[in-house]
Amino acid sequence: MILISEDVWGPAFAELATKQPVKQDPDLWKNVDQLKVELATATALVVRNRTQVTADLLDAAPHLKVIARAGVGLDNIDIKAADARGIVVVAGLGANATSVGELTVGLALSLMRNISLSAQETRAGAWNRTPGLELTGRTWGLLGCGATAIATARLLQGFAMKLFAYDPFVKSDDPRIQGLNITLGTLDEVISNSEIISIHMPSTPETNGLVNADRFATMRDGVFIINVGRGEVINELDLISALKTGKVAAAGLDVRATEPPVIGELETLPNVLLTPHIAGITKESQAKINSILTSNIELMLASQPATHAVGAHKEATR
């Protein structure tokens with residue numbers, strides 16, 4: 001049986017259900033005990049980002065062959081535990097990069113032109129023609145230079161911007177960044193030189209809390225912050241302080257340290273634009289991801305190598 005524990009569905013999975021037994025419960029991730037019961041007979045598990053696939057959970061899945069992640073973040077899956085049990089983890093890496101890039105640029109434009117606030121004020125009867133800022137010709141820093149950052153950089157080519165990027169795993173001769181006019185630098189160099197900073201980093205011990213009071217202090221006054229990576233990368237209390245002083249002119253946050261977050265001070269600030277982790281969720285990206293996942297599930301259940309494996313099985317992909 002193929003078990004889907006979150007809100008993952010679409011034509012690709014409907015087609016798969018005509019060939020294999022599929023059980024989908026979008027709220028199953030909330031009930032770990034019931035999830036373990038269902039996993040007792042499952043050969044494939046499909047998750048988004050809410051199901052916590054721990055070693056303990058995998059102990060309840062003796063027949064599991066593949067875990068399919070509908071998205072790109074893998075911090076909710078214990079990859080090492082899956083590897084140790086011979087379970088292949090597959091993900092639609094890169095399939096939603098364009099979607100994330102478009103929202104990243106959209107958040108920046110909305111913040112710099114006060115689009116959301118102006119729309120609210122106009123609906124309320126005001127007619128405040130407050131000047132905004134142009135994006136063209138400015139300096140943009142990318143923290144992380146993987147697929148979503150590169151997609152963002154491609155979209156920014158038409159704005160005649162200077163692009164800086166920090167990523168210890170990317171070298172200047174990386175073919176993915178050729179022709180994009182990206183200058184790689186240290187974290188301090190990128191942060192101190194950029195007028196707009198977008199975060200594309202995963203949540204790891206090295207990245208959690210990376211953008212904190214000390215980092216904000218080295219940024220330009222009036223910097224714009226966009227986070228489409230993981231909420232844990234930013235210290236939210238330090239961000240609130242920087243927003244209040246004007247060190248950070250405005251912030252666009254698609255991700256939060258806790259999701260969904262408890263409503264707090266960030267939600268009250270007028271220079272903050274909040275979205276519910278939707279950067280990678282478009283109809284187009286979901287169709288691409290679902291196609292990748294269903295094809296990989298079919299391959300694995302037919303004892304063939306996966307095409308989009310991660311972890312220890314990555315080298316075996318075709």
# chains A, B, ... in the order shown; residues from 1 in each chain; ligands from 1
call {"tool": "closest_atom_pairs", "arguments": {"of": "segment 19-105 of chain A", "to": "segment 277-297 of chain A", "cutoff": "9 Å", "atoms": "only C-alpha atoms", "output": "Markdown table"}}
result
| residue | atom | partner | partner_atom | distance |
| --- | --- | --- | --- | --- |
| A:Ala44 | CA | A:Ile297 | CA | 7.1 |
| A:Val46 | CA | A:Leu293 | CA | 8.4 |
| A:Lys65 | CA | A:Ile297 | CA | 8.9 |
| A:Val66 | CA | A:Ile297 | CA | 6.8 |
| A:Ile67 | CA | A:Ile297 | CA | 8.4 |
| A:Ala68 | CA | A:Leu293 | CA | 6.0 |
| A:Arg69 | CA | A:Leu293 | CA | 7.6 |
| A:Ala70 | CA | A:Ile289 | CA | 6.3 |
| A:Gly71 | CA | A:Ile289 | CA | 7.0 |
| A:Val72 | CA | A:Gly280 | CA | 8.8 |
| A:Val90 | CA | A:Leu293 | CA | 7.1 |
| A:Ala91 | CA | A:Leu293 | CA | 6.8 |
| A:Gly92 | CA | A:Ile289 | CA | 5.0 |
| A:Leu93 | CA | A:Ile289 | CA | 8.2 |
| A:Gly94 | CA | A:Ile289 | CA | 8.9 |
| A:Ala95 | CA | A:Ile289 | CA | 5.8 |
| A:Asn96 | CA | A:Ser285 | CA | 4.8 |
| A:Ala97 | CA | A:Gly280 | CA | 6.9 |
| A:Thr98 | CA | A:Gly280 | CA | 8.0 |
| A:Ser99 | CA | A:Gly280 | CA | 5.1 |
| A:Val100 | CA | A:Ala279 | CA | 4.5 |
| A:Gly101 | CA | A:Ala279 | CA | 7.8 |
| A:Glu102 | CA | A:Ala279 | CA | 8.0 |
| A:Leu103 | CA | A:Ala279 | CA | 5.6 |
| A:Thr104 | CA | A:Ala279 | CA | 7.5 |
call {"tool": "write_last_selection", "arguments": {"atoms": "N, CA and C atoms", "output": "short mmCIF file (atom, residue, chain, number, x, y, z; two decimals), in the first residue's frame"}}
result
data_model
loop_
_atom_site.label_atom_id
_atom_site.label_comp_id
_atom_site.auth_asym_id
_atom_site.auth_seq_id
_atom_site.Cartn_x
_atom_site.Cartn_y
_atom_site.Cartn_z
N ALA A 44 5.18 2.35 0.62
CA ALA A 44 5.63 3.70 0.26
C ALA A 44 4.90 4.70 1.14
N VAL A 46 4.19 8.91 1.46
CA VAL A 46 4.28 10.22 0.81
C VAL A 46 3.98 11.28 1.86
N LYS A 65 9.61 0.72 1.48
CA LYS A 65 10.71 0.76 0.52
C LYS A 65 11.11 2.18 0.13
N VAL A 66 10.15 3.10 0.17
CA VAL A 66 10.43 4.44 -0.32
C VAL A 66 9.64 5.49 0.46
N ILE A 67 10.29 6.61 0.74
CA ILE A 67 9.63 7.79 1.31
C ILE A 67 9.71 8.87 0.25
N ALA A 68 8.57 9.42 -0.14
CA ALA A 68 8.52 10.44 -1.17
C ALA A 68 8.15 11.78 -0.54
N ARG A 69 9.04 12.76 -0.68
CA ARG A 69 8.84 14.08 -0.08
C ARG A 69 8.31 15.05 -1.13
N ALA A 70 7.08 15.51 -0.92
CA ALA A 70 6.46 16.46 -1.86
C ALA A 70 6.97 17.86 -1.57
N GLY A 71 8.16 18.15 -2.03
CA GLY A 71 8.82 19.42 -1.79
C GLY A 71 10.31 19.22 -1.83
N VAL A 72 11.05 20.19 -1.30
CA VAL A 72 12.51 20.09 -1.38
C VAL A 72 13.19 20.03 -0.02
N VAL A 90 13.08 9.89 -1.78
CA VAL A 90 13.09 10.63 -3.04
C VAL A 90 12.39 11.98 -2.83
N ALA A 91 12.81 12.97 -3.58
CA ALA A 91 12.23 14.31 -3.46
C ALA A 91 12.26 15.00 -4.81
N GLY A 92 11.33 15.91 -5.00
CA GLY A 92 11.26 16.66 -6.26
C GLY A 92 12.20 17.84 -6.24
N LEU A 93 13.47 17.58 -5.99
CA LEU A 93 14.44 18.67 -5.88
C LEU A 93 14.50 19.49 -7.17
N GLY A 94 14.38 20.79 -7.03
CA GLY A 94 14.46 21.68 -8.18
C GLY A 94 13.15 21.89 -8.91
N ALA A 95 12.15 21.03 -8.65
CA ALA A 95 10.90 21.12 -9.40
C ALA A 95 10.10 22.38 -9.08
N ASN A 96 10.31 22.93 -7.89
CA ASN A 96 9.55 24.14 -7.53
C ASN A 96 10.43 25.38 -7.47
N ALA A 97 11.64 25.30 -8.03
CA ALA A 97 12.58 26.42 -7.94
C ALA A 97 12.03 27.68 -8.60
N THR A 98 11.42 27.55 -9.76
CA THR A 98 10.87 28.72 -10.43
C THR A 98 9.77 29.37 -9.59
N SER A 99 8.93 28.54 -8.98
CA SER A 99 7.86 29.06 -8.13
C SER A 99 8.43 29.85 -6.96
N VAL A 100 9.46 29.31 -6.31
CA VAL A 100 10.08 29.99 -5.18
C VAL A 100 10.74 31.29 -5.64
N GLY A 101 11.43 31.23 -6.77
CA GLY A 101 12.07 32.43 -7.29
C GLY A 101 11.08 33.54 -7.58
N GLU A 102 9.94 33.18 -8.17
CA GLU A 102 8.94 34.19 -8.50
C GLU A 102 8.36 34.84 -7.25
N LEU A 103 8.07 34.03 -6.21
CA LEU A 103 7.54 34.64 -4.99
C LEU A 103 8.59 35.50 -4.30
N THR A 104 9.85 35.08 -4.36
CA THR A 104 10.93 35.87 -3.76
C THR A 104 10.98 37.27 -4.36
#
call {"tool": "closest_atom_pairs", "arguments": {"of": "segment 190-292 of chain A", "to": "segment 136-159 of chain A", "cutoff": "7 Å", "atoms": "only C-alpha atoms", "output": "JSON lines"}}
result
{"residue": "A:Val190", "atom": "CA", "partner": "A:Gly141", "partner_atom": "CA", "distance": 5.6}
{"residue": "A:Ile191", "atom": "CA", "partner": "A:Gly141", "partner_atom": "CA", "distance": 6.7}
{"residue": "A:Ser194", "atom": "CA", "partner": "A:Thr139", "partner_atom": "CA", "distance": 5.0}
{"residue": "A:Glu195", "atom": "CA", "partner": "A:Thr139", "partner_atom": "CA", "distance": 5.3}
{"residue": "A:Ile196", "atom": "CA", "partner": "A:Trp140", "partner_atom": "CA", "distance": 4.8}
{"residue": "A:Ile197", "atom": "CA", "partner": "A:Gly141", "partner_atom": "CA", "distance": 4.6}
{"residue": "A:Ser198", "atom": "CA", "partner": "A:Leu142", "partner_atom": "CA", "distance": 5.2}
{"residue": "A:Ile199", "atom": "CA", "partner": "A:Leu143", "partner_atom": "CA", "distance": 4.8}
{"residue": "A:His200", "atom": "CA", "partner": "A:Gly144", "partner_atom": "CA", "distance": 5.0}
{"residue": "A:Met201", "atom": "CA", "partner": "A:Gly144", "partner_atom": "CA", "distance": 5.2}
call {"tool": "select_by_dssp", "arguments": {"residues": "segment 44-158 of chain A", "states": "alpha helix (DSSP H)", "output": "PyMOL selection string"}}
result
chain A and resi 55-58+79-84+97-112+115-123+147-155
call {"tool": "select_by_dssp", "arguments": {"residues": "segment 30-116 of chain A", "states": "strand (DSSP E or B)", "output": "PyMOL selection string"}}
result
chain A and resi 44-47+53+66-69+77+88-91
call {"tool": "residues_around", "arguments": {"residues": "Asn181 of chain A", "least_positions_apart": "4", "cutoff": "9 Å", "atoms": "only C-alpha atoms", "output": "list in words"}}
result
Ala153, Gln157, Met161, Lys162, Leu163, Phe164 and Ile177 of chain A
call {"tool": "residues_around", "arguments": {"residues": "Lys247 of chain A", "least_positions_apart": "3", "cutoff": "8 Å", "atoms": "only C-alpha atoms", "output": "ChimeraX atom specification"}}
result
/A:216-217,219-223,242-244
call {"tool": "atom_distance", "arguments": {"atom1": "atom CA of Leu253 of chain A", "atom2": "atom CA of Ile226 of chain A"}}
result
5.9 Å
call {"tool": "residues_around", "arguments": {"residues": "Val211 of chain A", "least_positions_apart": "6", "cutoff": "7 Å", "atoms": "only C-alpha atoms", "output": "list in words"}}
result
Val233, Ile234 and Asn235 of chain A
call {"tool": "write_last_selection", "arguments": {"atoms": "N, CA and C atoms", "output": "PDB file, in the first residue's frame"}}
result
ATOM      1  N   VAL A 233      16.451  29.981  10.375  1.00  0.00           N
ATOM      2  CA  VAL A 233      17.683  30.679   9.996  1.00  0.00           C
ATOM      3  C   VAL A 233      17.723  32.083  10.591  1.00  0.00           C
ATOM      4  N   ILE A 234      16.561  32.699  10.772  1.00  0.00           N
ATOM      5  CA  ILE A 234      16.484  34.050  11.340  1.00  0.00           C
ATOM      6  C   ILE A 234      16.088  33.981  12.816  1.00  0.00           C
ATOM      7  N   ASN A 235      16.791  34.721  13.647  1.00  0.00           N
ATOM      8  CA  ASN A 235      16.362  34.913  15.025  1.00  0.00           C
ATOM      9  C   ASN A 235      15.232  35.939  14.988  1.00  0.00           C
TER      10      ASN A 235
END
call {"tool": "atom_distance", "arguments": {"atom1": "atom CA of Val47 of chain A", "atom2": "atom CA of Val310 of chain A"}}
result
14.9 Å
call {"tool": "closest_residue", "arguments": {"among": "A:Pro276, A:Gly209, A:Pro168, A:Pro260", "to": "Arg50 of chain A", "atoms": "only C-alpha atoms"}}
result
A:Pro260
call {"tool": "closest_residue", "arguments": {"among": "A:Ala124, A:Ala81, A:Ala12, A:Met1", "to": "Leu45 of chain A", "atoms": "only C-alpha atoms"}}
result
A:Met1
call {"tool": "residues_around", "arguments": {"residues": "His63 of chain A", "least_positions_apart": "6", "cutoff": "8 Å", "atoms": "only C-alpha atoms", "output": "ChimeraX atom specification"}}
result
/A:40-43
call {"tool": "write_last_selection", "arguments": {"atoms": "C-alpha atoms", "output": "CSV table (one decimal), in the first residue's frame"}}
result
chain,number,residue,atom,x,y,z
A,40,ALA,CA,2.6,-1.6,9.3
A,41,THR,CA,1.5,-2.6,5.8
A,42,ALA,CA,2.8,0.4,3.7
A,43,THR,CA,5.4,0.0,1.1
